[in-house]
>>> print(open('start.pdb').read())   # PDB, C-alpha atoms
ATOM      1  CA  MET A   1      25.702 -17.723  13.813
ATOM      2  CA  GLU A   2      27.538 -15.361  11.506
ATOM      3  CA  HIS A   3      24.873 -15.779   8.886
ATOM      4  CA  SER A   4      21.995 -14.803  11.103
ATOM      5  CA  GLU A   5      23.837 -11.764  12.363
ATOM      6  CA  ALA A   6      24.460 -10.575   8.842
ATOM      7  CA  ARG A   7      20.787 -10.882   8.034
ATOM      8  CA  PHE A   8      19.453  -9.046  11.060
ATOM      9  CA  HIS A   9      20.194  -5.515  12.020
ATOM     10  CA  ILE A  10      20.991  -5.080  15.698
ATOM     11  CA  SER A  11      19.569  -1.806  16.955
ATOM     12  CA  TYR A  12      21.017   0.201  19.791
ATOM     13  CA  TYR A  13      18.902   0.413  22.930
ATOM     14  CA  GLY A  14      19.130   4.209  22.698
ATOM     15  CA  VAL A  15      17.507   4.316  19.260
ATOM     16  CA  TYR A  16      14.493   2.399  20.592
ATOM     17  CA  ILE A  17      14.171   4.683  23.588
ATOM     18  CA  LEU A  18      14.240   7.761  21.324
ATOM     19  CA  VAL A  19      11.547   6.240  19.089
ATOM     20  CA  TRP A  20       9.440   5.481  22.166
ATOM     21  CA  LEU A  21       9.882   9.074  23.361
ATOM     22  CA  ALA A  22       8.742  10.365  19.952
ATOM     23  CA  LEU A  23       5.685   8.068  20.122
ATOM     24  CA  VAL A  24       4.756   9.324  23.589
ATOM     25  CA  ILE A  25       5.134  12.961  22.491
ATOM     26  CA  LEU A  26       2.988  12.306  19.395
ATOM     27  CA  THR A  27       0.324  10.724  21.637
ATOM     28  CA  GLY A  28       0.357  13.870  23.747
ATOM     29  CA  ILE A  29      -0.024  15.995  20.609
ATOM     30  CA  THR A  30      -3.006  13.876  19.446
ATOM     31  CA  VAL A  31      -4.783  14.348  22.769
ATOM     32  CA  PHE A  32      -3.997  18.089  22.726
ATOM     33  CA  VAL A  33      -5.165  18.599  19.128
ATOM     34  CA  ALA A  34      -8.390  16.682  19.820
ATOM     35  CA  GLY A  35      -9.197  19.216  22.538
ATOM     36  CA  LEU A  36      -8.840  22.163  20.147
ATOM     37  CA  ASN A  37     -12.156  21.568  18.373
ATOM     38  CA  VAL A  38     -11.224  22.536  14.819
ATOM     39  CA  GLY A  39     -14.010  20.629  13.099
ATOM     40  CA  HIS A  40     -13.090  18.324  10.252
ATOM     41  CA  LEU A  41      -9.405  19.042  10.727
ATOM     42  CA  THR A  42      -9.532  17.128  14.025
ATOM     43  CA  VAL A  43     -10.115  13.834  12.209
ATOM     44  CA  LEU A  44      -7.444  14.580   9.629
ATOM     45  CA  ALA A  45      -4.914  15.602  12.267
ATOM     46  CA  ALA A  46      -5.617  12.488  14.350
ATOM     47  CA  LEU A  47      -5.254  10.188  11.339
ATOM     48  CA  PHE A  48      -2.110  11.977  10.203
ATOM     49  CA  ILE A  49      -0.466  11.600  13.612
ATOM     50  CA  ALA A  50      -1.590   7.956  13.841
ATOM     51  CA  ALA A  51      -0.014   7.312  10.422
ATOM     52  CA  LEU A  52       3.177   9.006  11.574
ATOM     53  CA  LYS A  53       3.289   6.887  14.734
ATOM     54  CA  SER A  54       2.672   3.712  12.717
ATOM     55  CA  THR A  55       5.506   4.625  10.369
ATOM     56  CA  LEU A  56       7.833   4.944  13.358
ATOM     57  CA  VAL A  57       6.751   1.570  14.762
ATOM     58  CA  LEU A  58       7.026  -0.138  11.354
ATOM     59  CA  SER A  59      10.408   1.386  10.520
ATOM     60  CA  TYR A  60      12.212   0.987  13.818
ATOM     61  CA  PHE A  61      10.426  -1.510  16.094
ATOM     62  CA  MET A  62       9.495  -3.794  13.196
ATOM     63  CA  HIS A  63      12.833  -3.225  11.467
ATOM     64  CA  LEU A  64      11.394  -2.391   8.038
ATOM     65  CA  LYS A  65      13.999   0.368   7.758
ATOM     66  CA  TYR A  66      16.714  -2.275   7.761
ATOM     67  CA  GLU A  67      15.032  -4.925   5.629
ATOM     68  CA  ARG A  68      16.160  -5.687   2.130
ATOM     69  CA  GLY A  69      14.267  -7.366  -0.662
ATOM     70  CA  GLY A  70      10.524  -7.318  -1.089
ATOM     71  CA  PHE A  71       9.548  -6.397   2.471
ATOM     72  CA  HIS A  72       9.071  -2.728   1.652
ATOM     73  CA  ILE A  73       6.264  -3.272  -0.817
ATOM     74  CA  LEU A  74       4.111  -5.336   1.574
ATOM     75  CA  ILE A  75       2.650  -2.463   3.589
ATOM     76  CA  PRO A  76       1.981  -0.224   0.542
ATOM     77  CA  LEU A  77       0.383  -3.260  -1.110
ATOM     78  CA  VAL A  78      -2.078  -3.797   1.733
ATOM     79  CA  LEU A  79      -2.754  -0.054   2.028
ATOM     80  CA  VAL A  80      -3.592   0.167  -1.680
ATOM     81  CA  THR A  81      -5.923  -2.822  -1.275
ATOM     82  CA  LEU A  82      -7.658  -1.136   1.640
ATOM     83  CA  ALA A  83      -7.876   2.154  -0.260
ATOM     84  CA  ILE A  84      -9.592   0.366  -3.152
ATOM     85  CA  PHE A  85     -12.119  -1.187  -0.767
ATOM     86  CA  LEU A  86     -12.646   2.154   0.948
ATOM     87  CA  GLY A  87     -13.161   3.839  -2.418
ATOM     88  CA  LEU A  88     -15.637   1.194  -3.563
ATOM     89  CA  THR A  89     -17.528   1.367  -0.265
ATOM     90  CA  PHE A  90     -17.839   5.136  -0.400
ATOM     91  CA  SER A  91     -18.801   5.162  -4.051
ATOM     92  CA  ASP A  92     -21.829   3.263  -2.780
ATOM     93  CA  VAL A  93     -22.407   4.958   0.577
ATOM     94  CA  ALA A  94     -21.929   8.547  -0.566
ATOM     95  CA  PHE A  95     -23.998   8.468  -3.749
ATOM     96  CA  ARG A  96     -26.837   6.323  -2.613
TER      97      ARG A  96
ATOM     98  CA  MET B   1      15.860 -40.262   2.677
ATOM     99  CA  ASN B   2      19.481 -40.845   3.591
ATOM    100  CA  GLU B   3      21.115 -39.528   6.693
ATOM    101  CA  THR B   4      22.987 -36.604   5.206
ATOM    102  CA  ALA B   5      19.887 -35.213   3.551
ATOM    103  CA  GLU B   6      18.073 -35.439   6.853
ATOM    104  CA  MET B   7      20.839 -33.565   8.608
ATOM    105  CA  VAL B   8      20.779 -30.815   6.027
ATOM    106  CA  LEU B   9      17.039 -30.458   6.466
ATOM    107  CA  GLU B  10      17.425 -30.251  10.184
ATOM    108  CA  HIS B  11      20.029 -27.536  10.154
ATOM    109  CA  HIS B  12      18.614 -25.478   7.370
ATOM    110  CA  LYS B  13      16.791 -22.410   8.636
ATOM    111  CA  ASP B  14      15.208 -20.019   6.215
ATOM    112  CA  TYR B  15      15.070 -16.822   8.229
ATOM    113  CA  THR B  16      13.893 -14.635   5.380
ATOM    114  CA  GLY B  17      11.158 -17.136   4.565
ATOM    115  CA  ALA B  18      10.053 -17.291   8.190
ATOM    116  CA  LYS B  19       9.898 -13.530   8.416
ATOM    117  CA  LEU B  20       8.085 -13.219   5.100
ATOM    118  CA  GLY B  21       5.526 -15.777   6.284
ATOM    119  CA  MET B  22       4.924 -13.729   9.418
ATOM    120  CA  TRP B  23       4.539 -10.555   7.393
ATOM    121  CA  LEU B  24       2.008 -12.182   5.083
ATOM    122  CA  PHE B  25       0.013 -13.215   8.141
ATOM    123  CA  LEU B  26       0.231  -9.660   9.478
ATOM    124  CA  LEU B  27      -1.121  -8.361   6.165
ATOM    125  CA  THR B  28      -4.228 -10.519   6.589
ATOM    126  CA  GLU B  29      -4.568  -9.077  10.099
ATOM    127  CA  ILE B  30      -4.380  -5.547   8.695
ATOM    128  CA  LEU B  31      -7.102  -6.423   6.193
ATOM    129  CA  LEU B  32      -9.255  -7.915   8.976
ATOM    130  CA  PHE B  33      -9.083  -4.746  11.058
ATOM    131  CA  GLY B  34      -9.053  -2.597   7.908
ATOM    132  CA  GLY B  35     -12.466  -3.969   6.992
ATOM    133  CA  MET B  36     -13.807  -2.903  10.374
ATOM    134  CA  PHE B  37     -12.223   0.528  10.021
ATOM    135  CA  ILE B  38     -13.966   0.941   6.657
ATOM    136  CA  LEU B  39     -17.243   0.002   8.324
ATOM    137  CA  TYR B  40     -16.528   2.597  10.996
ATOM    138  CA  ALA B  41     -15.862   5.218   8.304
ATOM    139  CA  ALA B  42     -19.087   4.417   6.453
ATOM    140  CA  TYR B  43     -21.276   4.566   9.584
ATOM    141  CA  ARG B  44     -19.544   7.651  10.873
ATOM    142  CA  TYR B  45     -20.218   9.323   7.526
ATOM    143  CA  HIS B  46     -23.943   8.692   8.028
ATOM    144  CA  HIS B  47     -24.155   9.522  11.737
ATOM    145  CA  PRO B  48     -21.488  12.138  12.532
ATOM    146  CA  ALA B  49     -23.437  13.802  15.359
ATOM    147  CA  GLU B  50     -24.350  10.552  17.126
ATOM    148  CA  PHE B  51     -20.785   9.258  16.872
ATOM    149  CA  HIS B  52     -19.608  12.536  18.348
ATOM    150  CA  GLN B  53     -22.031  12.249  21.238
ATOM    151  CA  ALA B  54     -21.317   8.596  21.987
ATOM    152  CA  ALA B  55     -17.539   9.040  21.829
ATOM    153  CA  GLU B  56     -17.722  11.712  24.496
ATOM    154  CA  GLU B  57     -18.900   9.126  26.990
ATOM    155  CA  LEU B  58     -15.754   7.053  26.635
ATOM    156  CA  ASN B  59     -13.063   7.559  29.227
ATOM    157  CA  ARG B  60     -10.229   9.444  27.566
ATOM    158  CA  ILE B  61      -7.871   9.000  30.476
ATOM    159  CA  ILE B  62      -8.100   5.188  30.423
ATOM    160  CA  GLY B  63      -7.728   5.298  26.637
ATOM    161  CA  ALA B  64      -4.623   7.480  26.815
ATOM    162  CA  LEU B  65      -3.195   5.383  29.636
ATOM    163  CA  ASN B  66      -3.667   2.217  27.613
ATOM    164  CA  THR B  67      -1.953   3.882  24.650
ATOM    165  CA  LEU B  68       1.071   4.653  26.804
ATOM    166  CA  ILE B  69       1.051   1.107  28.207
ATOM    167  CA  LEU B  70       1.034  -0.488  24.753
ATOM    168  CA  LEU B  71       3.682   1.881  23.381
ATOM    169  CA  THR B  72       5.941   1.076  26.327
ATOM    170  CA  SER B  73       5.307  -2.651  25.878
ATOM    171  CA  SER B  74       6.416  -2.272  22.260
ATOM    172  CA  LEU B  75       9.607  -0.647  23.502
ATOM    173  CA  THR B  76      10.365  -3.472  25.946
ATOM    174  CA  MET B  77       9.560  -6.015  23.212
ATOM    175  CA  ALA B  78      12.042  -4.410  20.814
ATOM    176  CA  LEU B  79      14.627  -4.146  23.593
ATOM    177  CA  SER B  80      14.157  -7.831  24.409
ATOM    178  CA  ILE B  81      15.040  -8.777  20.822
ATOM    179  CA  SER B  82      18.047  -6.463  20.776
ATOM    180  CA  ALA B  83      19.243  -7.998  24.043
ATOM    181  CA  ILE B  84      19.040 -11.576  22.761
ATOM    182  CA  GLN B  85      20.837 -10.516  19.569
ATOM    183  CA  LYS B  86      23.669  -9.221  21.711
ATOM    184  CA  GLY B  87      23.678 -12.443  23.723
ATOM    185  CA  HIS B  88      22.266 -10.908  26.918
ATOM    186  CA  ARG B  89      19.821 -13.646  27.789
ATOM    187  CA  LYS B  90      18.933 -12.483  31.299
ATOM    188  CA  LEU B  91      18.235  -8.948  30.135
ATOM    189  CA  SER B  92      16.142 -10.279  27.265
ATOM    190  CA  THR B  93      14.112 -12.308  29.773
ATOM    191  CA  TYR B  94      13.471  -9.258  31.959
ATOM    192  CA  PHE B  95      12.326  -7.162  29.007
ATOM    193  CA  LEU B  96      10.052  -9.974  27.877
ATOM    194  CA  ILE B  97       8.498 -10.273  31.342
ATOM    195  CA  ALA B  98       7.954  -6.497  31.355
ATOM    196  CA  THR B  99       6.211  -6.769  27.977
ATOM    197  CA  ILE B 100       3.912  -9.520  29.243
ATOM    198  CA  LEU B 101       3.063  -7.576  32.410
ATOM    199  CA  LEU B 102       2.297  -4.418  30.424
ATOM    200  CA  GLY B 103       0.055  -6.414  28.091
ATOM    201  CA  PHE B 104      -1.735  -7.799  31.132
ATOM    202  CA  LEU B 105      -2.106  -4.286  32.566
ATOM    203  CA  PHE B 106      -3.693  -3.196  29.291
ATOM    204  CA  LEU B 107      -6.297  -5.944  29.635
ATOM    205  CA  VAL B 108      -6.972  -5.039  33.281
ATOM    206  CA  ASN B 109      -7.689  -1.459  32.192
ATOM    207  CA  LYS B 110      -9.901  -2.740  29.414
ATOM    208  CA  TYR B 111     -11.781  -4.848  31.954
ATOM    209  CA  ILE B 112     -12.310  -1.850  34.248
ATOM    210  CA  GLU B 113     -13.462   0.233  31.292
ATOM    211  CA  TRP B 114     -15.876  -2.365  29.943
ATOM    212  CA  SER B 115     -17.365  -3.198  33.331
ATOM    213  CA  GLY B 116     -17.944   0.516  33.902
ATOM    214  CA  LYS B 117     -19.909   0.663  30.668
ATOM    215  CA  PHE B 118     -21.787  -2.532  31.546
ATOM    216  CA  GLN B 119     -22.798  -1.037  34.880
ATOM    217  CA  HIS B 120     -24.295   1.920  33.049
ATOM    218  CA  GLY B 121     -26.296  -0.593  31.052
ATOM    219  CA  ILE B 122     -24.387  -0.013  27.835
ATOM    220  CA  TYR B 123     -23.530  -3.279  26.163
ATOM    221  CA  PRO B 124     -24.611  -4.841  22.862
ATOM    222  CA  ASN B 125     -28.387  -5.316  22.731
ATOM    223  CA  SER B 126     -28.976  -3.852  26.187
ATOM    224  CA  PRO B 127     -32.367  -2.156  26.620
ATOM    225  CA  GLU B 128     -30.583   1.043  27.652
ATOM    226  CA  LEU B 129     -28.532   1.101  24.444
ATOM    227  CA  LEU B 130     -31.399   0.059  22.164
ATOM    228  CA  ALA B 131     -33.410   3.044  23.446
ATOM    229  CA  ARG B 132     -30.794   5.359  21.992
ATOM    230  CA  SER B 133     -30.357   6.669  18.450
ATOM    231  CA  GLN B 134     -29.310   4.435  15.562
ATOM    232  CA  GLY B 135     -25.895   6.115  15.307
ATOM    233  CA  GLU B 136     -25.080   5.543  18.978
ATOM    234  CA  ILE B 137     -26.076   1.877  18.739
ATOM    235  CA  LEU B 138     -23.764   1.516  15.752
ATOM    236  CA  PHE B 139     -20.952   3.349  17.539
ATOM    237  CA  TYR B 140     -21.096   1.069  20.552
ATOM    238  CA  GLY B 141     -21.454  -2.007  18.347
ATOM    239  CA  LEU B 142     -18.254  -1.041  16.568
ATOM    240  CA  TYR B 143     -16.593  -0.081  19.843
ATOM    241  CA  TYR B 144     -17.244  -3.468  21.422
ATOM    242  CA  ALA B 145     -16.420  -5.407  18.259
ATOM    243  CA  MET B 146     -13.183  -3.583  17.473
ATOM    244  CA  THR B 147     -11.739  -3.121  20.958
ATOM    245  CA  GLY B 148     -12.914  -6.654  21.755
ATOM    246  CA  PHE B 149     -11.153  -8.091  18.729
ATOM    247  CA  HIS B 150      -8.102  -6.064  19.600
ATOM    248  CA  GLY B 151      -8.230  -7.272  23.206
ATOM    249  CA  LEU B 152      -8.331 -10.869  21.973
ATOM    250  CA  HIS B 153      -5.204 -10.125  19.966
ATOM    251  CA  VAL B 154      -3.485  -8.738  23.055
ATOM    252  CA  LEU B 155      -4.482 -11.899  24.949
ATOM    253  CA  ALA B 156      -3.129 -14.103  22.134
ATOM    254  CA  GLY B 157       0.058 -12.012  22.149
ATOM    255  CA  ILE B 158       0.476 -12.504  25.900
ATOM    256  CA  LEU B 159       0.104 -16.281  25.528
ATOM    257  CA  LEU B 160       2.578 -16.264  22.624
ATOM    258  CA  LEU B 161       5.106 -14.204  24.591
ATOM    259  CA  ASN B 162       4.818 -16.601  27.535
ATOM    260  CA  VAL B 163       5.849 -19.431  25.215
ATOM    261  CA  MET B 164       8.702 -17.269  23.947
ATOM    262  CA  LEU B 165       9.763 -16.536  27.521
ATOM    263  CA  TYR B 166       9.973 -20.266  28.161
ATOM    264  CA  LEU B 167      12.003 -20.784  24.973
ATOM    265  CA  VAL B 168      14.416 -17.976  25.848
ATOM    266  CA  MET B 169      14.855 -19.286  29.396
ATOM    267  CA  THR B 170      15.526 -22.820  28.194
ATOM    268  CA  GLY B 171      17.970 -21.566  25.583
ATOM    269  CA  THR B 172      16.016 -22.677  22.506
ATOM    270  CA  ILE B 173      15.987 -19.040  21.458
ATOM    271  CA  HIS B 174      19.508 -17.675  21.621
ATOM    272  CA  LYS B 175      21.948 -15.274  19.990
ATOM    273  CA  GLY B 176      22.267 -17.445  16.898
ATOM    274  CA  ASP B 177      18.595 -18.258  16.402
ATOM    275  CA  PHE B 178      15.984 -15.753  17.515
ATOM    276  CA  ILE B 179      13.567 -15.725  14.581
ATOM    277  CA  LEU B 180      10.690 -16.953  16.778
ATOM    278  CA  LEU B 181      11.158 -14.025  19.134
ATOM    279  CA  GLU B 182      11.570 -11.631  16.204
ATOM    280  CA  ASN B 183       8.319 -12.829  14.611
ATOM    281  CA  SER B 184       6.451 -12.683  17.930
ATOM    282  CA  GLY B 185       7.720  -9.128  18.247
ATOM    283  CA  LEU B 186       6.330  -8.286  14.795
ATOM    284  CA  TYR B 187       2.916  -9.550  15.919
ATOM    285  CA  TRP B 188       3.055  -7.577  19.155
ATOM    286  CA  HIS B 189       3.987  -4.354  17.339
ATOM    287  CA  LEU B 190       1.150  -4.812  14.858
ATOM    288  CA  VAL B 191      -1.317  -5.095  17.728
ATOM    289  CA  ASP B 192       0.178  -1.839  19.018
ATOM    290  CA  ILE B 193      -0.306  -0.152  15.618
ATOM    291  CA  ILE B 194      -3.974  -1.169  15.516
ATOM    292  CA  TRP B 195      -4.483   0.456  18.910
ATOM    293  CA  ILE B 196      -2.704   3.596  17.635
ATOM    294  CA  PHE B 197      -5.650   3.984  15.224
ATOM    295  CA  LEU B 198      -8.387   2.756  17.568
ATOM    296  CA  PHE B 199      -7.517   5.244  20.303
ATOM    297  CA  PRO B 200      -8.117   8.521  18.420
ATOM    298  CA  LEU B 201     -11.030   7.170  16.377
ATOM    299  CA  PHE B 202     -13.033   6.033  19.407
ATOM    300  CA  TYR B 203     -11.850   8.179  22.291
ATOM    301  CA  LEU B 204     -10.675  11.470  20.843
ATOM    302  CA  ILE B 205     -12.599  12.469  17.750
ATOM    303  CA  THR B 206     -15.648  13.968  19.363
TER     304      THR B 206
END
>>> encode(input="start.pdb", output="C-alpha cells")
Amino acid sequence: MEHSEARFHISYYGVYILVWLALVILTGITVFVAGLNVGHLTVLAALFIAALKSTLVLSYFMHLKYERGGFHILIPLVLVTLAIFLGLTFSDVAFR
Amino acid sequence: MNETAEMVLEHHKDYTGAKLGMWLFLLTEILLFGGMFILYAAYRYHHPAEFHQAAEELNRIIGALNTLILLTSSLTMALSISAIQKGHRKLSTYFLIATILLGFLFLVNKYIEWSGKFQHGIYPNSPELLARSQGEILFYGLYYAMTGFHGLHVLAGILLLNVMLYLVMTGTIHKGDFILLENSGLYWHLVDIIWIFLFPLFYLIT
C-alpha cells in the first residue's frame, strides 16, 4: 500500500475544481472569440485555446504534471509525428 | 514453477508499466484522430467557403452544452480517482456514477443533434447532401466520421466505467490498488481532449 501511494500523486479536490473552472471559462472565451469574426485569426485563436485546455487536462486530470520518468516525452513525441505528417500532406496539397 | 515463484508473480504489480501501456495505447488513439484532423485541414484548405457555410448549420448551443458536459465528466472522473486514493469508496462510487451519467447525457445530445440533421435530409450519401457543393459534402462526411468515431469512444468509455464501477463496489479496486481506475480515467480524459478540438473546428470556426 505504501508503495502505490508513493508512486501516485493524490490531488486535492479543490485543485480539480479550479482546473474545471478554468476549462469552462476557456470554453466561454472560445465561443466569444468565434463570434468576433476576425478572419484567419479565428482559427488560430480557437486552436490556441484548445491547446491550452488540452494542456490543463493532460497536466492535472491526467497527472502528467506529477509523473516522473519518460512520460513527459510521449505527448511531444506524438505531436512531432503528427506535425511531420501534416507537413508532408501540405507539401503535396498546397503545391499541387 | 514452484509455489514461491507463483506467489511472487501473483503479488507483483507493475504500476508504472501498466500506466505506460495505457499511454502507448492513447498515443495510437491520438494518431488515429490526428489523421482525421489532417484530412480535415487539407479539405478545409481547398474549400474554405463551403466549410464556413456548412459549419453555420450546426447547432452551436448543443455543441457548447456537450463541451460543458464532457468537461464536467472529466472533473467527476478525476475526483473519483482522488476519492479512492484517499480511501473514500462511497464517494468514489458516486463520482463514477456521475461520470457515467454525464457520458450518457452527451450521447443523448448527440442523438438529438444527429436525428435533427437526418430529418433535414443531411446524412452521408443522402440525395439532399449530394446536391450540394463538393466542400459541403466533404464537411459533412468528416463531421459524421469524426463525431461518430468520437461518440463510439464515449460509448466504449461508458461501458469501461461501468466495469470499473462494479470493481470499485466489490472492492477489487481500493486504496492500495487503483491502477485500473486510473487508466480508465486516462482514457476518459483523452476522449474529452479530442472533443476539445472537435468542438471549435466543426461548430465555431465559421
>>> closest_residue(input="start.pdb", among="B:Thr76, B:Asn59, B:Gln53, B:Ser126", to="chain A", atoms="all atoms listed in the file")
B:Thr76
>>> resolve_selection(input="start.pdb", expression="the PyMOL selection byres ((chain A and resi 78-83) around 9)", output="list of chain:residue names")
A:Ile73, A:Leu74, A:Ile75, A:Pro76, A:Leu77, A:Ile84, A:Phe85, A:Leu86, A:Gly87, A:Leu88, B:Leu27, B:Thr28, B:Ile30, B:Leu31, B:Gly34, B:Gly35, B:Ile38
>>> closest_residue(input="start.pdb", among="A:Gly35, A:Leu26, A:Asp92, A:Leu41", to="B:Ile196", atoms="all atoms listed in the file")
A:Leu26
>>> interface_residues(input="start.pdb", of="chain A", to="chain B", cutoff="8 Å", atoms="all atoms listed in the file", output="short mmCIF file (atom, residue, chain, number, x, y, z; two decimals) with C-alpha atoms, in the frame of the given file")
data_model
loop_
_atom_site.label_atom_id
_atom_site.label_comp_id
_atom_site.auth_asym_id
_atom_site.auth_seq_id
_atom_site.Cartn_x
_atom_site.Cartn_y
_atom_site.Cartn_z
CA MET A 1 25.70 -17.72 13.81
CA GLU A 2 27.54 -15.36 11.51
CA SER A 4 22.00 -14.80 11.10
CA GLU A 5 23.84 -11.76 12.36
CA ILE A 10 20.99 -5.08 15.70
CA SER A 11 19.57 -1.81 16.95
CA TYR A 12 21.02 0.20 19.79
CA TYR A 13 18.90 0.41 22.93
CA TYR A 16 14.49 2.40 20.59
CA ILE A 17 14.17 4.68 23.59
CA TRP A 20 9.44 5.48 22.17
CA LEU A 23 5.68 8.07 20.12
CA VAL A 24 4.76 9.32 23.59
CA THR A 27 0.32 10.72 21.64
CA THR A 30 -3.01 13.88 19.45
CA VAL A 31 -4.78 14.35 22.77
CA ALA A 34 -8.39 16.68 19.82
CA THR A 42 -9.53 17.13 14.02
CA VAL A 43 -10.12 13.83 12.21
CA ALA A 46 -5.62 12.49 14.35
CA LEU A 47 -5.25 10.19 11.34
CA ALA A 50 -1.59 7.96 13.84
CA LYS A 53 3.29 6.89 14.73
CA SER A 54 2.67 3.71 12.72
CA VAL A 57 6.75 1.57 14.76
CA LEU A 58 7.03 -0.14 11.35
CA PHE A 61 10.43 -1.51 16.09
CA MET A 62 9.49 -3.79 13.20
CA PHE A 71 9.55 -6.40 2.47
CA LEU A 74 4.11 -5.34 1.57
CA ILE A 75 2.65 -2.46 3.59
CA VAL A 78 -2.08 -3.80 1.73
CA LEU A 82 -7.66 -1.14 1.64
CA PHE A 85 -12.12 -1.19 -0.77
CA LEU A 86 -12.65 2.15 0.95
CA THR A 89 -17.53 1.37 -0.26
CA PHE A 90 -17.84 5.14 -0.40
CA VAL A 93 -22.41 4.96 0.58
#
>>> resolve_selection(input="start.pdb", expression="the PyMOL selection byres ((chain B and resi 145-150) around 8)", output="VMD selection string")
chain B and resid 33 36 141 to 144 151 to 154 191 194 to 195 198
>>> write_last_selection(input="start.pdb", atoms="C-alpha atoms", output="PDB file, in the coordinates of the input")
ATOM      1  CA  PHE B  33      -9.083  -4.746  11.058  1.00  0.00           C
ATOM      2  CA  MET B  36     -13.807  -2.903  10.374  1.00  0.00           C
ATOM      3  CA  GLY B 141     -21.454  -2.007  18.347  1.00  0.00           C
ATOM      4  CA  LEU B 142     -18.254  -1.041  16.568  1.00  0.00           C
ATOM      5  CA  TYR B 143     -16.593  -0.081  19.843  1.00  0.00           C
ATOM      6  CA  TYR B 144     -17.244  -3.468  21.422  1.00  0.00           C
ATOM      7  CA  GLY B 151      -8.230  -7.272  23.206  1.00  0.00           C
ATOM      8  CA  LEU B 152      -8.331 -10.869  21.973  1.00  0.00           C
ATOM      9  CA  HIS B 153      -5.204 -10.125  19.966  1.00  0.00           C
ATOM     10  CA  VAL B 154      -3.485  -8.738  23.055  1.00  0.00           C
ATOM     11  CA  VAL B 191      -1.317  -5.095  17.728  1.00  0.00           C
ATOM     12  CA  ILE B 194      -3.974  -1.169  15.516  1.00  0.00           C
ATOM     13  CA  TRP B 195      -4.483   0.456  18.910  1.00  0.00           C
ATOM     14  CA  LEU B 198      -8.387   2.756  17.568  1.00  0.00           C
TER      15      LEU B 198
END
>>> closest_residue(input="start.pdb", among="A:Val15, A:Gly69, A:Tyr60, A:Val33", to="A:Phe48", atoms="all atoms listed in the file")
A:Val33
>>> resolve_selection(input="start.pdb", expression="the PyMOL selection byres ((chain B and resi 157-169) around 7)", output="number ranges by chain")
B: 93, 96, 100, 103, 153-156, 170-174, 181, 184, 188
>>> closest_atom_pairs(input="start.pdb", of="stretch 48-93 of chain B", to="stretch 111-118 of chain B", cutoff="9 Å", atoms="only C-alpha atoms", output="CSV")
residue,atom,partner,partner_atom,distance
B:Leu58,CA,B:Glu113,CA,8.6
B:Asn59,CA,B:Glu113,CA,7.6
B:Ile62,CA,B:Glu113,CA,7.4
B:Gly63,CA,B:Glu113,CA,9.0
>>> atom_distance(input="start.pdb", atom1="atom CA of A:Arg96", atom2="atom CA of B:Pro124")
27.9 Å
>>> axis_aligned_box(input="start.pdb", around="stretch 164-182 of chain B", padding_each_side="3 Å", output="AutoDock Vina command-line options")
--center_x 15.5 --center_y -17.2 --center_z 22.0 --size_x 19.6 --size_y 17.2 --size_z 20.8
>>> decode(input="start.pdb", residues="stretch 37-50 of chain B", atoms="N, CA and C atoms", output="compact mmCIF listing (two decimals), in the first residue's frame")
# COMPACT_ATOMS: atom_id res chain seq x y z
N PHE B 37 -7.89 14.66 -38.39
CA PHE B 37 -7.74 16.12 -38.29
C PHE B 37 -6.91 16.66 -39.45
N ILE B 38 -5.90 15.89 -39.86
CA ILE B 38 -5.08 16.32 -41.00
C ILE B 38 -5.93 16.34 -42.28
N LEU B 39 -6.78 15.32 -42.40
CA LEU B 39 -7.69 15.27 -43.55
C LEU B 39 -8.61 16.49 -43.55
N TYR B 40 -9.12 16.81 -42.37
CA TYR B 40 -9.96 17.99 -42.21
C TYR B 40 -9.21 19.23 -42.66
N ALA B 41 -7.95 19.36 -42.22
CA ALA B 41 -7.15 20.55 -42.56
C ALA B 41 -6.95 20.65 -44.06
N ALA B 42 -6.66 19.51 -44.70
CA ALA B 42 -6.40 19.51 -46.14
C ALA B 42 -7.65 19.91 -46.92
N TYR B 43 -8.81 19.34 -46.55
CA TYR B 43 -10.04 19.66 -47.27
C TYR B 43 -10.51 21.08 -46.98
N ARG B 44 -10.29 21.52 -45.76
CA ARG B 44 -10.68 22.88 -45.41
C ARG B 44 -9.85 23.88 -46.21
N TYR B 45 -8.58 23.53 -46.41
CA TYR B 45 -7.67 24.39 -47.18
C TYR B 45 -8.21 24.57 -48.60
N HIS B 46 -8.80 23.52 -49.15
CA HIS B 46 -9.31 23.59 -50.53
C HIS B 46 -10.70 24.20 -50.63
N HIS B 47 -11.50 24.05 -49.57
CA HIS B 47 -12.89 24.54 -49.64
C HIS B 47 -13.22 25.42 -48.44
N PRO B 48 -12.52 26.50 -48.23
CA PRO B 48 -12.77 27.31 -47.02
C PRO B 48 -14.20 27.86 -46.97
N ALA B 49 -14.71 28.35 -48.11
CA ALA B 49 -16.03 28.98 -48.11
C ALA B 49 -17.14 27.96 -47.82
N GLU B 50 -17.02 26.77 -48.45
CA GLU B 50 -18.05 25.75 -48.24
C GLU B 50 -18.04 25.23 -46.80
